[in-house]
Structure formats: C-alpha cells, structure tokens
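Report on the structure given below.
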Amino acid sequence: DAMRGKGELKLKLTQDGKNIHLFVSDTGKGIPKGKYKQIFEPGYTTKKRGWGLGLSLARRIIERYHSGRIRVLKSEINKGTTIEIQLHKANTAA
C-alpha cells in the first residue's frame, strides 16, 4: 500500500552467532521518525480503510511467540523504509 502499486520491495537475510536478521525495504512514502514506535500500536493507520492491525499483529507474533524483535531500522520521507526483524537461530544440536 505504501508504494501505491509501484516501486521496489527488497528482502535481505543475514545472520550472526545467535540471530537471523530479515530486512524488508520498500520505496514507499516513508515514515516520520516520531512515528517509528507508534506504527506498531493496534489501531494505528494512515489509510481511510482498514483496522491498523497488521504491524501490531506482526510484532505480537515476533516478540511473544518467537522471542524476537521488529523495528523500523530507517526511513526517509518519499524514499522508503527498512524494517528489521530479528529472530533467534534454532538450536540444531542433536
């Protein structure tokens, strides 16, 4: 929605010793710095339609069920936004 049907959506996956980092970047309208935390609150939306539950639900799943983290890494108005999702690696030791 933020890209209005055109633009780029990029995914990047990295890892370190204990975590996996998923970076989701778009070329949408961007988010003002003062709204970085507010966009994850239930009911927050900038659209005329919708309930504003998408990002709050994503945060709840990532943090409560996977002990991970989601945050706005960076955003520039009219240039785009990068969201980082950090999850713990699964313990694969037998």
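Note on naming: chains are A, B, ... as they come in the structure tokens, residues start from 1 per chain, ligands start from 1 in the order shown.
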
Hey, what's within 10 Å of range 79-93 of chain A if we count only C-alpha atoms and toss same-chain stuff fewer than 6 positions away? As a ChimeraX atom specification, please? /A:2-3,7-31,36,58-59,62-63,66-73

Atoms to include: C-alpha atoms. Write the selected residues as an mmCIF file, in the first residue's frame.
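Listed below is the output, out-v8.cif:
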data_model
loop_
_atom_site.group_PDB
_atom_site.id
_atom_site.type_symbol
_atom_site.label_atom_id
_atom_site.label_comp_id
_atom_site.auth_asym_id
_atom_site.auth_seq_id
_atom_site.Cartn_x
_atom_site.Cartn_y
_atom_site.Cartn_z
ATOM 1 C CA ALA A 2 2.802 2.425 0.848
ATOM 2 C CA MET A 3 4.164 2.110 -2.692
ATOM 3 C CA GLY A 7 8.182 0.611 -6.620
ATOM 4 C CA GLU A 8 10.580 -1.952 -5.213
ATOM 5 C CA LEU A 9 10.330 -4.334 -2.298
ATOM 6 C CA LYS A 10 13.623 -5.916 -1.222
ATOM 7 C CA LEU A 11 14.348 -8.685 1.270
ATOM 8 C CA LYS A 12 17.795 -9.289 2.753
ATOM 9 C CA LEU A 13 18.678 -12.082 5.176
ATOM 10 C CA THR A 14 21.812 -12.069 7.323
ATOM 11 C CA GLN A 15 22.945 -13.949 10.404
ATOM 12 C CA ASP A 16 25.350 -13.617 13.262
ATOM 13 C CA GLY A 17 26.290 -16.011 16.049
ATOM 14 C CA LYS A 18 22.851 -16.290 17.651
ATOM 15 C CA ASN A 19 20.401 -14.390 15.441
ATOM 16 C CA ILE A 20 18.924 -14.166 11.986
ATOM 17 C CA HIS A 21 18.103 -10.696 10.662
ATOM 18 C CA LEU A 22 15.496 -10.140 7.963
ATOM 19 C CA PHE A 23 15.481 -6.686 6.403
ATOM 20 C CA VAL A 24 12.369 -5.661 4.453
ATOM 21 C CA SER A 25 12.851 -2.477 2.421
ATOM 22 C CA ASP A 26 10.430 -0.593 0.198
ATOM 23 C CA THR A 27 10.470 2.537 -1.919
ATOM 24 C CA GLY A 28 7.230 3.866 -0.421
ATOM 25 C CA LYS A 29 6.282 7.155 1.158
ATOM 26 C CA GLY A 30 8.378 6.689 4.306
ATOM 27 C CA ILE A 31 7.585 7.111 7.990
ATOM 28 C CA TYR A 36 8.522 4.688 14.380
ATOM 29 C CA ALA A 58 3.306 -8.995 13.349
ATOM 30 C CA ARG A 59 5.015 -7.512 16.416
ATOM 31 C CA ILE A 62 7.546 -11.993 16.529
ATOM 32 C CA GLU A 63 8.066 -10.835 20.128
ATOM 33 C CA HIS A 66 9.368 -16.221 18.833
ATOM 34 C CA SER A 67 11.171 -14.007 21.384
ATOM 35 C CA GLY A 68 12.343 -11.838 18.509
ATOM 36 C CA ARG A 69 12.270 -8.161 17.705
ATOM 37 C CA ILE A 70 10.822 -5.947 14.970
ATOM 38 C CA ARG A 71 11.714 -2.296 14.470
ATOM 39 C CA VAL A 72 11.982 0.461 11.913
ATOM 40 C CA LEU A 73 15.673 0.484 11.053
#

Within chain A, find each residue whose DSSP state, derived from the backbone, is strand (DSSP E), and express the selection as a ChimeraX atom specification. /A:9-15,19-26,69-76,80-88

Residues flagged alpha helix (DSSP H) by DSSP in chain A, as a list in words: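 Filtering chain A to alpha helix (DSSP H) leaves Gly54, Leu55, Ser56, Leu57, Ala58, Arg59 and Arg60 of chain A.
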
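Here CA of Lys6 in chain A and CA of Gly34 in chain A stand 25.7 Å from one another.
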
Tell me which protein, DNA and RNA residues are within 8 Å of range 39-42 of chain A, counting only C-alpha atoms, leaving out same-chain ones fewer than 6 positions away, and put them as a PyMOL selection string. chain A and resi 52-53+55-57+59

Between CA of Tyr44 in chain A and CA of Pro32 in chain A, what distance in Å does the model show, to one decimal?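 These two atoms are separated by 13.7 Å.
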
Could you work out how far CA of Gln38 in chain A lies from CA of Gly5 in chain A, giving the answer in Å with one decimal?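 A separation of 24.2 Å between them.
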